[in-house]
>>> print(open('upload31.tsv').read())   # TSV, C-alpha atoms
chain	number	residue	atom	x	y	z
Y	288	MET	CA	102.10	238.72	232.43
Y	289	ARG	CA	99.06	240.28	234.07
Y	290	ALA	CA	96.49	238.53	236.24
Y	291	ASP	CA	93.73	238.67	233.61
Y	292	ALA	CA	95.93	236.78	231.14
Y	293	LEU	CA	96.26	234.04	233.73
Y	294	ARG	CA	92.52	233.59	234.09
Y	295	GLY	CA	91.74	229.91	233.74
Y	296	HIS	CA	95.37	228.82	234.07
Y	297	LEU	CA	96.17	229.65	237.67
Y	298	ASP	CA	94.68	226.37	238.94
Y	299	SER	CA	96.94	224.31	236.65
Y	300	LEU	CA	99.99	226.35	237.62
Y	301	VAL	CA	99.31	225.84	241.32
Y	302	LEU	CA	98.81	222.09	240.85
Y	303	ALA	CA	102.10	221.93	238.91
Y	304	VAL	CA	104.19	223.56	241.63
Y	305	VAL	CA	103.01	221.13	244.32
Y	306	GLU	CA	103.45	218.13	242.04
Y	307	HIS	CA	106.63	216.84	243.66
Y	308	GLU	CA	106.35	218.00	247.26
Y	309	PRO	CA	103.85	219.59	249.65
Y	310	LEU	CA	104.35	223.34	250.00
Y	311	HIS	CA	102.88	226.12	252.12
Y	312	GLY	CA	101.24	229.16	250.54
Y	313	TYR	CA	104.25	231.45	250.46
Y	314	ALA	CA	106.44	228.70	248.99
Y	315	ILE	CA	103.80	228.00	246.31
Y	316	ILE	CA	103.74	231.66	245.30
Y	317	GLU	CA	107.52	231.84	245.38
Y	318	ALA	CA	107.71	228.75	243.14
Y	319	LEU	CA	105.20	230.32	240.74
Y	320	GLN	CA	107.39	233.43	240.52
Y	321	VAL	CA	110.63	231.49	240.09
Y	322	ARG	CA	109.28	229.06	237.50
Y	323	SER	CA	107.70	231.90	235.51
Y	324	GLY	CA	110.96	233.85	235.56
Y	325	GLY	CA	109.23	236.57	237.57
Y	326	GLU	CA	106.69	237.19	234.80
Y	327	LEU	CA	103.55	236.51	236.84
Y	328	GLU	CA	102.02	239.71	238.17
Y	329	LEU	CA	99.17	238.87	240.46
Y	330	PRO	CA	98.28	240.02	243.97
Y	331	THR	CA	99.68	237.14	246.01
Y	332	GLY	CA	96.70	237.31	248.36
Y	333	THR	CA	94.42	236.07	245.60
Y	334	VAL	CA	96.27	232.76	245.44
Y	335	TYR	CA	94.90	231.66	248.85
Y	336	PRO	CA	91.24	231.53	247.76
Y	337	ALA	CA	92.40	229.50	244.75
Y	338	LEU	CA	94.17	227.06	247.08
Y	339	ARG	CA	91.02	226.67	249.18
Y	340	ARG	CA	88.91	226.13	246.07
Y	341	LEU	CA	91.30	223.47	244.77
Y	342	GLU	CA	91.16	221.80	248.16
Y	343	ALA	CA	87.34	221.85	248.14
Y	344	ALA	CA	87.46	220.32	244.66
Y	345	GLY	CA	89.55	217.46	246.04
Y	346	TYR	CA	92.65	218.33	244.01
Y	347	LEU	CA	94.70	219.40	247.04
Y	348	THR	CA	94.87	218.28	250.64
Y	349	SER	CA	96.12	220.54	253.39
Y	350	ASP	CA	97.43	220.36	256.90
Y	351	TRP	CA	98.91	222.73	259.45
Y	352	ASP	CA	102.59	221.87	259.86
Y	353	GLU	CA	105.65	223.31	261.54
Y	354	VAL	CA	107.80	224.81	258.75
Y	355	GLY	CA	110.99	226.64	259.70
Y	356	GLY	CA	109.76	226.99	263.28
Y	357	ARG	CA	106.43	228.51	262.18
Y	358	ARG	CA	102.95	227.03	261.84
Y	359	ARG	CA	102.10	226.92	258.15
Y	360	ARG	CA	99.22	225.43	256.20
Y	361	THR	CA	100.83	223.01	253.78
Y	362	TYR	CA	99.19	221.86	250.55
Y	363	ALA	CA	99.81	218.55	248.78
Y	364	LEU	CA	98.56	217.21	245.46
Y	365	SER	CA	95.89	214.52	245.78
Y	366	ARG	CA	95.44	211.61	243.39
Y	367	ALA	CA	92.56	213.47	241.70
Y	368	GLY	CA	94.77	216.55	241.46
Y	369	ARG	CA	97.51	214.54	239.78
Y	370	LYS	CA	95.06	213.25	237.18
Y	371	ALA	CA	93.70	216.76	236.60
Y	372	LEU	CA	97.22	218.12	236.17
Y	373	ALA	CA	98.04	215.45	233.59
Y	374	GLN	CA	94.85	216.32	231.73
Y	375	HIS	CA	95.59	220.07	231.84
Y	376	ARG	CA	99.09	219.43	230.51
Y	377	ALA	CA	97.76	217.38	227.59
Y	378	GLU	CA	95.16	220.05	226.78
Y	379	TRP	CA	97.78	222.79	226.99
Y	380	ARG	CA	100.15	220.95	224.65
Y	381	THR	CA	97.37	220.58	222.09
Y	382	PHE	CA	96.29	224.22	222.48
Y	383	SER	CA	99.84	225.50	222.31
Y	384	SER	CA	100.63	223.40	219.26
Y	385	VAL	CA	97.49	224.52	217.40
Y	386	ILE	CA	97.89	228.22	218.17
Y	387	GLY	CA	101.66	228.06	217.60
Y	388	GLY	CA	101.08	226.43	214.23
Y	389	VAL	CA	98.77	229.23	213.14
Y	390	LEU	CA	100.70	232.14	214.61
Y	391	GLY	CA	104.18	230.86	213.87
Y	392	GLU	CA	106.08	232.53	211.06
Y	393	ALA	CA	106.46	230.54	207.86
I	196	MET	CA	94.98	224.32	263.44
I	197	PRO	CA	96.48	227.77	263.24
I	198	THR	CA	98.15	229.33	266.21
I	199	ALA	CA	96.70	232.48	267.69
I	200	ALA	CA	96.90	235.62	265.57
I	201	PRO	CA	100.36	237.18	265.66
I	202	ALA	CA	100.91	239.69	268.42
I	203	ARG	CA	101.42	242.49	265.89
I	204	MET	CA	97.80	242.05	264.83
I	205	MET	CA	96.65	243.03	268.27
I	206	GLY	CA	98.38	246.35	268.21
I	207	GLY	CA	97.68	246.96	264.55
I	208	VAL	CA	100.46	249.56	264.36
I	209	SER	CA	102.81	248.06	261.79
I	210	PRO	CA	101.82	248.02	258.10
I	211	THR	CA	101.22	244.26	258.18
I	212	GLY	CA	99.42	244.50	261.53
I	213	THR	CA	97.14	247.23	260.21
I	214	TYR	CA	96.54	245.31	256.99
I	215	LEU	CA	95.65	242.08	258.83
I	216	ALA	CA	93.40	243.90	261.29
I	217	ASP	CA	91.57	245.61	258.39
I	218	LEU	CA	91.33	242.32	256.51
I	219	ASP	CA	89.94	240.52	259.56
I	220	ALA	CA	87.42	243.31	260.20
I	221	ALA	CA	86.23	243.30	256.59
I	222	LEU	CA	85.50	239.56	256.48
I	223	ALA	CA	82.31	237.86	257.58
I	224	GLY	CA	81.72	234.14	257.88
I	225	PRO	CA	82.33	231.07	260.00
I	226	ARG	CA	84.70	232.12	262.78
I	227	ARG	CA	87.07	229.17	262.43
I	228	ALA	CA	87.35	229.48	258.65
I	229	ARG	CA	87.89	233.23	258.93
I	230	ARG	CA	90.56	232.85	261.61
I	231	ASP	CA	92.20	230.17	259.48
I	232	LEU	CA	92.35	232.39	256.39
I	233	VAL	CA	93.66	235.41	258.29
I	234	ALA	CA	96.27	233.25	260.05
I	235	GLU	CA	97.40	231.99	256.67
I	236	ALA	CA	97.66	235.56	255.37
I	237	ALA	CA	99.65	236.49	258.49
I	238	GLY	CA	102.04	233.58	257.88
I	239	HIS	CA	102.49	234.68	254.28
I	240	LEU	CA	103.26	238.26	255.30
I	241	ASP	CA	105.75	237.02	257.92
I	242	ASP	CA	107.57	235.04	255.23
I	243	ALA	CA	107.46	237.91	252.74
I	244	VAL	CA	108.79	240.43	255.28
I	245	ALA	CA	111.61	238.06	256.25
I	246	ALA	CA	112.50	237.56	252.58
I	247	TYR	CA	112.63	241.31	251.93
I	248	GLU	CA	114.74	241.86	255.05
I	249	ARG	CA	117.17	239.19	253.89
I	250	ALA	CA	117.34	241.05	250.59
I	251	GLY	CA	118.49	244.17	252.45
I	252	TRP	CA	115.31	246.20	252.97
I	253	ASP	CA	114.75	247.75	256.37
I	254	ALA	CA	111.86	246.43	258.48
I	255	GLU	CA	109.41	249.21	257.61
I	256	GLN	CA	110.06	249.01	253.87
I	257	ALA	CA	109.95	245.21	253.97
I	258	GLU	CA	106.51	245.31	255.59
I	259	ARG	CA	105.19	247.85	253.09
I	260	ARG	CA	106.42	245.82	250.13
I	261	ALA	CA	104.98	242.61	251.57
I	262	VAL	CA	101.58	244.27	251.98
I	263	ALA	CA	101.71	245.78	248.48
I	264	ASP	CA	102.53	242.36	246.99
I	265	PHE	CA	99.67	240.72	248.86
I	266	GLY	CA	97.25	243.06	247.14
I	267	PRO	CA	94.93	245.94	247.96
I	268	LEU	CA	92.07	245.12	250.29
I	269	ASP	CA	89.48	245.94	247.63
I	270	VAL	CA	90.90	243.05	245.58
I	271	VAL	CA	91.76	240.60	248.36
I	272	VAL	CA	88.64	240.98	250.53
I	273	PRO	CA	86.11	239.96	247.83
I	274	ALA	CA	88.20	236.89	246.98
I	275	PHE	CA	88.53	235.87	250.65
I	276	GLN	CA	84.85	236.65	251.26
I	277	THR	CA	83.77	234.31	248.46
I	278	THR	CA	85.86	231.56	250.08
I	279	LEU	CA	84.11	232.19	253.40
I	280	ALA	CA	80.64	232.33	251.83
I	281	VAL	CA	81.18	228.97	250.17
I	282	ALA	CA	82.57	227.51	253.42
I	283	ALA	CA	79.46	228.79	255.24
I	284	ALA	CA	77.27	227.26	252.52
I	285	ARG	CA	78.93	223.87	252.97
I	286	ARG	CA	78.28	223.98	256.71
I	287	THR	CA	74.66	225.01	256.16
I	288	ALA	CA	74.10	222.28	253.58
I	289	TRP	CA	75.45	219.61	255.95
I	290	LEU	CA	73.21	220.87	258.76
I	291	LEU	CA	70.16	220.76	256.50
I	292	LEU	CA	71.06	217.30	255.20
I	293	VAL	CA	71.27	215.95	258.75
I	294	ALA	CA	67.99	217.67	259.70
I	295	LEU	CA	66.22	216.32	256.62
I	296	GLY	CA	67.87	212.93	256.80
I	297	VAL	CA	66.35	212.02	260.16
I	298	GLN	CA	62.80	212.91	259.14
I	299	PRO	CA	61.82	209.66	257.35
I	300	PHE	CA	63.00	207.64	260.36
I	301	LEU	CA	61.23	210.01	262.72
I	302	TRP	CA	57.87	210.07	261.00
I	303	ASP	CA	57.78	206.38	260.14
I	304	GLY	CA	58.93	205.45	263.62
I	305	PRO	CA	58.66	206.98	267.05
I	306	VAL	CA	56.45	209.94	266.25
I	307	SER	CA	54.26	208.45	263.57
I	308	VAL	CA	51.10	210.41	264.23
I	309	ALA	CA	48.94	207.77	262.63
I	310	GLY	CA	50.66	205.20	264.79
I	311	THR	CA	49.57	206.81	268.05
I	312	ASP	CA	46.15	205.26	267.80
I	313	GLY	CA	46.67	203.00	264.84
I	314	ARG	CA	44.99	205.19	262.22
I	315	ALA	CA	45.40	208.58	260.55
I	316	PRO	CA	43.17	211.46	261.64
I	317	ASP	CA	39.90	211.86	259.72
I	318	GLY	CA	39.68	214.27	256.81
I	319	VAL	CA	41.63	214.85	253.62
I	320	LEU	CA	44.15	217.40	254.88
I	321	TYR	CA	46.28	215.00	256.90
I	322	PRO	CA	46.93	212.51	254.03
I	323	VAL	CA	47.67	215.43	251.70
I	324	LEU	CA	50.18	216.86	254.14
I	325	ASP	CA	51.66	213.41	254.69
I	326	VAL	CA	52.35	213.02	250.95
I	327	ALA	CA	53.44	216.66	250.58
I	328	VAL	CA	56.04	216.39	253.34
I	329	GLU	CA	57.57	213.32	251.71
I	330	VAL	CA	57.66	214.91	248.25
I	331	VAL	CA	58.97	218.27	249.47
I	332	GLY	CA	61.44	216.62	251.85
I	333	GLY	CA	62.77	214.36	249.08
I	334	ALA	CA	63.11	217.29	246.67
I	335	MET	CA	64.92	219.35	249.33
I	336	ILE	CA	67.36	216.50	250.02
I	337	LEU	CA	68.17	216.25	246.31
I	338	ALA	CA	68.59	220.04	246.02
I	339	THR	CA	70.85	220.14	249.07
I	340	VAL	CA	73.03	217.29	247.80
I	341	ALA	CA	73.35	219.11	244.47
I	342	LEU	CA	74.33	222.37	246.17
I	343	LEU	CA	76.80	220.60	248.45
I	344	ALA	CA	78.36	218.96	245.39
I	345	ALA	CA	78.56	222.36	243.67
I	346	ALA	CA	80.39	223.81	246.69
I	347	THR	CA	82.90	220.95	246.84
I	348	ILE	CA	83.74	218.62	243.97
I	349	GLY	CA	81.77	220.83	241.55
I	350	ASN	CA	84.68	223.27	241.71
I	351	ARG	CA	86.42	220.98	239.22
I	352	TRP	CA	84.10	222.21	236.49
I	353	HIS	CA	82.68	225.48	237.73
I	354	ARG	CA	83.98	227.86	240.37
I	355	ALA	CA	81.59	227.87	243.30
I	356	GLY	CA	80.88	231.46	244.22
I	357	ARG	CA	78.43	233.51	246.16
I	358	GLY	CA	75.58	232.36	243.91
I	359	VAL	CA	75.96	228.82	245.23
I	360	ALA	CA	76.11	230.17	248.80
I	361	ARG	CA	72.99	232.28	248.26
I	362	ALA	CA	71.08	229.35	246.73
I	363	THR	CA	72.08	227.09	249.62
I	364	SER	CA	70.84	229.68	252.12
I	365	LEU	CA	67.50	230.11	250.39
I	366	VAL	CA	66.89	226.37	249.95
I	367	THR	CA	67.74	225.83	253.61
I	368	ILE	CA	65.43	228.54	254.88
I	369	VAL	CA	62.56	227.41	252.64
I	370	ALA	CA	63.09	223.75	253.62
I	371	ALA	CA	63.27	224.54	257.32
I	372	VAL	CA	60.11	226.66	257.28
I	373	THR	CA	58.16	224.25	255.04
I	374	MET	CA	59.10	221.10	256.95
I	375	SER	CA	58.49	222.69	260.35
I	376	ALA	CA	55.13	224.17	259.32
I	377	THR	CA	53.98	220.90	257.77
I	378	GLY	CA	55.10	218.92	260.81
I	379	LEU	CA	53.29	221.32	263.09
I	380	ALA	CA	50.11	221.19	261.01
I	381	MET	CA	50.13	217.37	260.99
I	382	SER	CA	50.70	217.31	264.72
I	383	VAL	CA	47.85	219.73	265.42
I	384	LEU	CA	45.49	217.69	263.21
I	385	ALA	CA	46.30	214.55	265.20
I	386	GLN	CA	44.78	215.46	268.53
I	387	GLY	CA	45.46	213.90	271.89
I	388	LEU	CA	49.20	213.52	271.50
I	389	HIS	CA	51.18	213.07	274.70
I	390	PRO	CA	54.08	215.30	275.88
I	391	ALA	CA	56.72	212.77	274.83
I	392	TYR	CA	55.51	213.18	271.26
I	393	TRP	CA	56.00	216.94	271.37
I	394	ALA	CA	59.40	216.53	272.99
I	395	THR	CA	60.50	214.16	270.22
I	396	VAL	CA	59.17	216.39	267.43
I	397	THR	CA	60.82	219.42	269.01
I	398	GLY	CA	64.15	217.63	269.39
I	399	PHE	CA	64.24	216.00	265.97
I	400	LEU	CA	62.26	218.37	263.75
I	401	PHE	CA	61.83	221.90	265.08
I	402	ALA	CA	65.25	222.27	266.74
I	403	PRO	CA	67.39	220.90	263.87
I	404	MET	CA	65.38	222.87	261.32
I	405	ALA	CA	65.80	226.02	263.43
I	406	VAL	CA	69.57	225.46	263.60
I	407	ALA	CA	69.74	224.90	259.82
I	408	ALA	CA	67.63	228.02	259.14
I	409	TRP	CA	69.83	230.07	261.48
I	410	SER	CA	72.92	228.83	259.64
I	411	GLY	CA	71.22	229.64	256.32
I	412	ARG	CA	70.51	233.17	257.46
I	413	ARG	CA	74.13	233.61	258.56
I	414	THR	CA	75.36	232.23	255.25
I	415	LEU	CA	73.16	234.72	253.41
I	416	ALA	CA	74.82	237.49	255.42
I	417	THR	CA	78.24	236.41	254.09
I	418	CYS	CA	77.21	236.68	250.41
>>> encode(input="upload31.tsv", output="structure tokens")
Amino acid sequence: MRADALRGHLDSLVLAVVEHEPLHGYAIIEALQVRSGGELELPTGTVYPALRRLEAAGYLTSDWDEVGGRRRRTYALSRAGRKALAQHRAEWRTFSSVIGGVLGEA
Amino acid sequence: MPTAAPARMMGGVSPTGTYLADLDAALAGPRRARRDLVAEAAGHLDDAVAAYERAGWDAEQAERRAVADFGPLDVVVPAFQTTLAVAAARRTAWLLLVALGVQPFLWDGPVSVAGTDGRAPDGVLYPVLDVAVEVVGGAMILATVALLAAATIGNRWHRAGRGVARATSLVTIVAAVTMSATGLAMSVLAQGLHPAYWATVTGFLFAPMAVAAWSGRRTLATC
């Protein structure tokens, strides 16, 4: 799946992968790849501006931590981020159900 | 806070070192935010190289693959630069808010020109300027708060980009020039002011406005 197909969904995907535990950038990207079955094709460098934007929006918080003996900026989901993720999930279910209903074979 | 840039960045000889050096050189913006972003990119490349080496690639190939995955500079730099421009805009907006925020207290208190001899200078210009500075100052505060919101929580509904950064710069420069010029004109109209007055106006009007305008100009350069 190419980057342009992801437009508008990357934010939700990033929020979803940090839902259960704080992760640093590389781990977030790795989780995106694993959970998508390796289908996401996007320059990994473009995820970092998205992380900063989500942090500015108040959906993520970040801190520099020691991870595996290295200093890494770690991102965690904020309360506002959790609410936004729940809302995105609900919207996606509706969207998916509507489109699936129309496109699905009889 | 990030640690210092990895040693390989200094030499810039390895593929990741060269990439990070080029990335750093291509970015403009607040030094701390820029260093932070590049350090984060360096950490990512370290992890990616280590992962490829664990998968059996030799060091050179691992570095090249890590760099290729991260993305070409003509894709990554604009994205990073937008992040820096918005960060610079936030800093500029805060500086302007502080500079504007002290003005009501300043002009109604210690440097009230009318208060120096108990009455405003004769003529119509001074009262007009007095009203104008309050109206313009109030409008600028509202505009700055709106731009600051757009660059922070506004990202929930609309991605803040270089347009927001450019608007913040222009509002800041216009506000700084307008407020300083009006303050100067009012001060000149009220004759016989003592040195302490000028020191106060310089410290709490001209200097903060100059700092905000300087930050606005630098923010504009990042857009």
>>> closest_atom_pairs(input="upload31.tsv", of="chain Y", to="chain I", cutoff="12 Å", atoms="all atoms listed in the file", output="JSON lines")
{"residue": "Y:Ala290", "atom": "CA", "partner": "I:Val270", "partner_atom": "CA", "distance": 11.8}
{"residue": "Y:Gly295", "atom": "CA", "partner": "I:Arg354", "partner_atom": "CA", "distance": 10.4}
{"residue": "Y:Asp298", "atom": "CA", "partner": "I:Arg351", "partner_atom": "CA", "distance": 9.9}
{"residue": "Y:Ser299", "atom": "CA", "partner": "I:Arg351", "partner_atom": "CA", "distance": 11.3}
{"residue": "Y:His311", "atom": "CA", "partner": "I:His239", "partner_atom": "CA", "distance": 8.8}
{"residue": "Y:Gly312", "atom": "CA", "partner": "I:His239", "partner_atom": "CA", "distance": 6.8}
{"residue": "Y:Tyr313", "atom": "CA", "partner": "I:His239", "partner_atom": "CA", "distance": 5.3}
{"residue": "Y:Ala314", "atom": "CA", "partner": "I:His239", "partner_atom": "CA", "distance": 8.9}
{"residue": "Y:Ile315", "atom": "CA", "partner": "I:His239", "partner_atom": "CA", "distance": 10.5}
{"residue": "Y:Ile316", "atom": "CA", "partner": "I:His239", "partner_atom": "CA", "distance": 9.6}
{"residue": "Y:Glu317", "atom": "CA", "partner": "I:Ala243", "partner_atom": "CA", "distance": 9.5}
{"residue": "Y:Leu327", "atom": "CA", "partner": "I:Asp264", "partner_atom": "CA", "distance": 11.8}
{"residue": "Y:Glu328", "atom": "CA", "partner": "I:Asp264", "partner_atom": "CA", "distance": 9.2}
{"residue": "Y:Leu329", "atom": "CA", "partner": "I:Gly266", "partner_atom": "CA", "distance": 8.1}
{"residue": "Y:Pro330", "atom": "CA", "partner": "I:Gly266", "partner_atom": "CA", "distance": 4.5}
{"residue": "Y:Thr331", "atom": "CA", "partner": "I:Phe265", "partner_atom": "CA", "distance": 4.6}
{"residue": "Y:Gly332", "atom": "CA", "partner": "I:Phe265", "partner_atom": "CA", "distance": 4.5}
{"residue": "Y:Thr333", "atom": "CA", "partner": "I:Val271", "partner_atom": "CA", "distance": 5.9}
{"residue": "Y:Val334", "atom": "CA", "partner": "I:Ala274", "partner_atom": "CA", "distance": 9.2}
{"residue": "Y:Tyr335", "atom": "CA", "partner": "I:Phe275", "partner_atom": "CA", "distance": 7.8}
{"residue": "Y:Pro336", "atom": "CA", "partner": "I:Thr278", "partner_atom": "CA", "distance": 5.9}
{"residue": "Y:Ala337", "atom": "CA", "partner": "I:Thr278", "partner_atom": "CA", "distance": 8.7}
{"residue": "Y:Leu338", "atom": "CA", "partner": "I:Thr278", "partner_atom": "CA", "distance": 9.9}
{"residue": "Y:Arg339", "atom": "CA", "partner": "I:Thr278", "partner_atom": "CA", "distance": 7.2}
{"residue": "Y:Arg340", "atom": "CA", "partner": "I:Asn350", "partner_atom": "CA", "distance": 6.7}
{"residue": "Y:Leu341", "atom": "CA", "partner": "I:Asn350", "partner_atom": "CA", "distance": 7.3}
{"residue": "Y:Glu342", "atom": "CA", "partner": "I:Thr347", "partner_atom": "CA", "distance": 8.4}
{"residue": "Y:Ala343", "atom": "CA", "partner": "I:Thr347", "partner_atom": "CA", "distance": 4.7}
{"residue": "Y:Ala344", "atom": "CA", "partner": "I:Ile348", "partner_atom": "CA", "distance": 4.1}
{"residue": "Y:Gly345", "atom": "CA", "partner": "I:Ile348", "partner_atom": "CA", "distance": 6.3}
{"residue": "Y:Tyr346", "atom": "CA", "partner": "I:Arg351", "partner_atom": "CA", "distance": 8.3}
{"residue": "Y:Leu347", "atom": "CA", "partner": "I:Ile348", "partner_atom": "CA", "distance": 11.4}
{"residue": "Y:Ser349", "atom": "CA", "partner": "I:Met196", "partner_atom": "CA", "distance": 10.8}
{"residue": "Y:Asp350", "atom": "CA", "partner": "I:Met196", "partner_atom": "CA", "distance": 8.0}
{"residue": "Y:Trp351", "atom": "CA", "partner": "I:Met196", "partner_atom": "CA", "distance": 5.8}
{"residue": "Y:Asp352", "atom": "CA", "partner": "I:Met196", "partner_atom": "CA", "distance": 8.8}
{"residue": "Y:Glu353", "atom": "CA", "partner": "I:Pro197", "partner_atom": "CA", "distance": 10.3}
{"residue": "Y:Val354", "atom": "CA", "partner": "I:Gly238", "partner_atom": "CA", "distance": 10.5}
{"residue": "Y:Gly355", "atom": "CA", "partner": "I:Asp242", "partner_atom": "CA", "distance": 10.1}
{"residue": "Y:Gly356", "atom": "CA", "partner": "I:Gly238", "partner_atom": "CA", "distance": 11.5}
{"residue": "Y:Arg357", "atom": "CA", "partner": "I:Gly238", "partner_atom": "CA", "distance": 8.0}
{"residue": "Y:Arg358", "atom": "CA", "partner": "I:Pro197", "partner_atom": "CA", "distance": 6.7}
{"residue": "Y:Arg359", "atom": "CA", "partner": "I:Gly238", "partner_atom": "CA", "distance": 6.7}
{"residue": "Y:Arg360", "atom": "CA", "partner": "I:Glu235", "partner_atom": "CA", "distance": 6.8}
{"residue": "Y:Thr361", "atom": "CA", "partner": "I:Glu235", "partner_atom": "CA", "distance": 10.0}
{"residue": "Y:Tyr362", "atom": "CA", "partner": "I:Glu235", "partner_atom": "CA", "distance": 12.0}
{"residue": "Y:Ala367", "atom": "CA", "partner": "I:Arg351", "partner_atom": "CA", "distance": 10.0}
{"residue": "Y:Gly368", "atom": "CA", "partner": "I:Arg351", "partner_atom": "CA", "distance": 9.7}
{"residue": "Y:Lys370", "atom": "CA", "partner": "I:Arg351", "partner_atom": "CA", "distance": 11.8}
{"residue": "Y:Ala371", "atom": "CA", "partner": "I:Arg351", "partner_atom": "CA", "distance": 8.8}
{"residue": "Y:Leu372", "atom": "CA", "partner": "I:Arg351", "partner_atom": "CA", "distance": 11.6}
{"residue": "Y:His375", "atom": "CA", "partner": "I:Arg351", "partner_atom": "CA", "distance": 11.8}
>>> atom_distance(input="upload31.tsv", atom1="CA of Pro390 in chain I", atom2="CA of Ala402 in chain I")
16.0 Å
>>> atom_distance(input="upload31.tsv", atom1="CA of Thr363 in chain I", atom2="CA of Met335 in chain I")
10.5 Å
>>> residues_around(input="upload31.tsv", residues="Glu258 in chain I", least_positions_apart="6", cutoff="9 Å", atoms="all atoms listed in the file", output="PyMOL selection string")
chain I and resi 209-211+240-241+243-245+247-248
>>> residues_near_point(input="upload31.tsv", point="(57.0, 224.6, 258.4)", cutoff="12 Å", atoms="all atoms listed in the file", output="PyMOL selection string")
chain I and resi 324+327-328+331-332+367-382+400-402+404-405+408
>>> residues_around(input="upload31.tsv", residues="Ala223 in chain I", least_positions_apart="4", cutoff="9 Å", atoms="all atoms listed in the file", output="MDAnalysis selection string")
chainID I and resid 219 229 276 279:280 416:418
>>> atom_distance(input="upload31.tsv", atom1="CA of Asp269 in chain I", atom2="CA of Leu310 in chain Y")
27.2 Å
>>> residues_near_point(input="upload31.tsv", point="(65.3, 216.8, 246.2)", cutoff="12 Å", atoms="all atoms listed in the file", output="PyMOL selection string")
chain I and resi 292+295-296+328-342+366-367+370
>>> residues_around(input="upload31.tsv", residues="His307 in chain Y", least_positions_apart="3", cutoff="12 Å", atoms="all atoms listed in the file", output="PyMOL selection string")
chain Y and resi 301-304+310+315+318+362-365+369
>>> write_last_selection(input="upload31.tsv", atoms="C-alpha atoms", output="compact mmCIF listing (two decimals), in the coordinates of the input")
# COMPACT_ATOMS: atom_id res chain seq x y z
CA VAL Y 301 99.31 225.84 241.32
CA LEU Y 302 98.81 222.09 240.85
CA ALA Y 303 102.10 221.93 238.91
CA VAL Y 304 104.19 223.56 241.63
CA LEU Y 310 104.35 223.34 250.00
CA ILE Y 315 103.80 228.00 246.31
CA ALA Y 318 107.71 228.75 243.14
CA TYR Y 362 99.19 221.86 250.55
CA ALA Y 363 99.81 218.55 248.78
CA LEU Y 364 98.56 217.21 245.46
CA SER Y 365 95.89 214.52 245.78
CA ARG Y 369 97.51 214.54 239.78
>>> closest_residue(input="upload31.tsv", among="I:Val383, I:Val233, I:Leu290, I:Val406", to="Pro316 in chain I", atoms="all atoms listed in the file")
I:Val383
>>> axis_aligned_box(input="upload31.tsv", around="range 360-370 of chain Y", padding_each_side="3 Å", output="lines of an AutoDock Vina configuration file")
center_x = 96.7
center_y = 218.5
center_z = 246.7
size_x = 14.3
size_y = 19.8
size_z = 25.0
>>> closest_residue(input="upload31.tsv", among="I:Ala284, I:Leu291, I:Leu320, I:Ala391", to="Leu415 in chain I", atoms="only C-alpha atoms")
I:Ala284
>>> build_atoms(input="upload31.tsv", residues="range 322-333 of chain Y", atoms="N, CA and C atoms", output="PDB file, in the frame of the given file")
ATOM      1  N   ARG Y 322     109.449 229.878 238.708  1.00  0.00           N
ATOM      2  CA  ARG Y 322     109.280 229.060 237.500  1.00  0.00           C
ATOM      3  C   ARG Y 322     108.765 229.874 236.320  1.00  0.00           C
ATOM      4  N   SER Y 323     108.175 231.044 236.613  1.00  0.00           N
ATOM      5  CA  SER Y 323     107.700 231.900 235.510  1.00  0.00           C
ATOM      6  C   SER Y 323     108.756 232.939 235.148  1.00  0.00           C
ATOM      7  N   GLY Y 324     109.911 232.857 235.801  1.00  0.00           N
ATOM      8  CA  GLY Y 324     110.960 233.850 235.560  1.00  0.00           C
ATOM      9  C   GLY Y 324     110.544 235.241 236.011  1.00  0.00           C
ATOM     10  N   GLY Y 325     109.673 235.291 237.024  1.00  0.00           N
ATOM     11  CA  GLY Y 325     109.230 236.570 237.570  1.00  0.00           C
ATOM     12  C   GLY Y 325     108.206 237.282 236.697  1.00  0.00           C
ATOM     13  N   GLU Y 326     107.626 236.561 235.746  1.00  0.00           N
ATOM     14  CA  GLU Y 326     106.690 237.190 234.800  1.00  0.00           C
ATOM     15  C   GLU Y 326     105.248 237.264 235.304  1.00  0.00           C
ATOM     16  N   LEU Y 327     104.929 236.515 236.360  1.00  0.00           N
ATOM     17  CA  LEU Y 327     103.550 236.510 236.840  1.00  0.00           C
ATOM     18  C   LEU Y 327     103.296 237.710 237.738  1.00  0.00           C
ATOM     19  N   GLU Y 328     102.362 238.537 237.352  1.00  0.00           N
ATOM     20  CA  GLU Y 328     102.020 239.710 238.170  1.00  0.00           C
ATOM     21  C   GLU Y 328     100.606 239.520 238.696  1.00  0.00           C
ATOM     22  N   LEU Y 329     100.501 238.980 239.872  1.00  0.00           N
ATOM     23  CA  LEU Y 329      99.170 238.870 240.460  1.00  0.00           C
ATOM     24  C   LEU Y 329      99.268 239.160 241.948  1.00  0.00           C
ATOM     25  N   PRO Y 330      98.234 239.782 242.527  1.00  0.00           N
ATOM     26  CA  PRO Y 330      98.280 240.020 243.970  1.00  0.00           C
ATOM     27  C   PRO Y 330      98.387 238.661 244.673  1.00  0.00           C
ATOM     28  N   THR Y 331      99.440 238.476 245.439  1.00  0.00           N
ATOM     29  CA  THR Y 331      99.680 237.140 246.010  1.00  0.00           C
ATOM     30  C   THR Y 331      98.529 236.698 246.918  1.00  0.00           C
ATOM     31  N   GLY Y 332      97.817 237.667 247.485  1.00  0.00           N
ATOM     32  CA  GLY Y 332      96.700 237.310 248.360  1.00  0.00           C
ATOM     33  C   GLY Y 332      95.600 236.556 247.646  1.00  0.00           C
ATOM     34  N   THR Y 333      95.498 236.744 246.327  1.00  0.00           N
ATOM     35  CA  THR Y 333      94.420 236.070 245.600  1.00  0.00           C
ATOM     36  C   THR Y 333      94.712 234.599 245.333  1.00  0.00           C
TER      37      THR Y 333
END
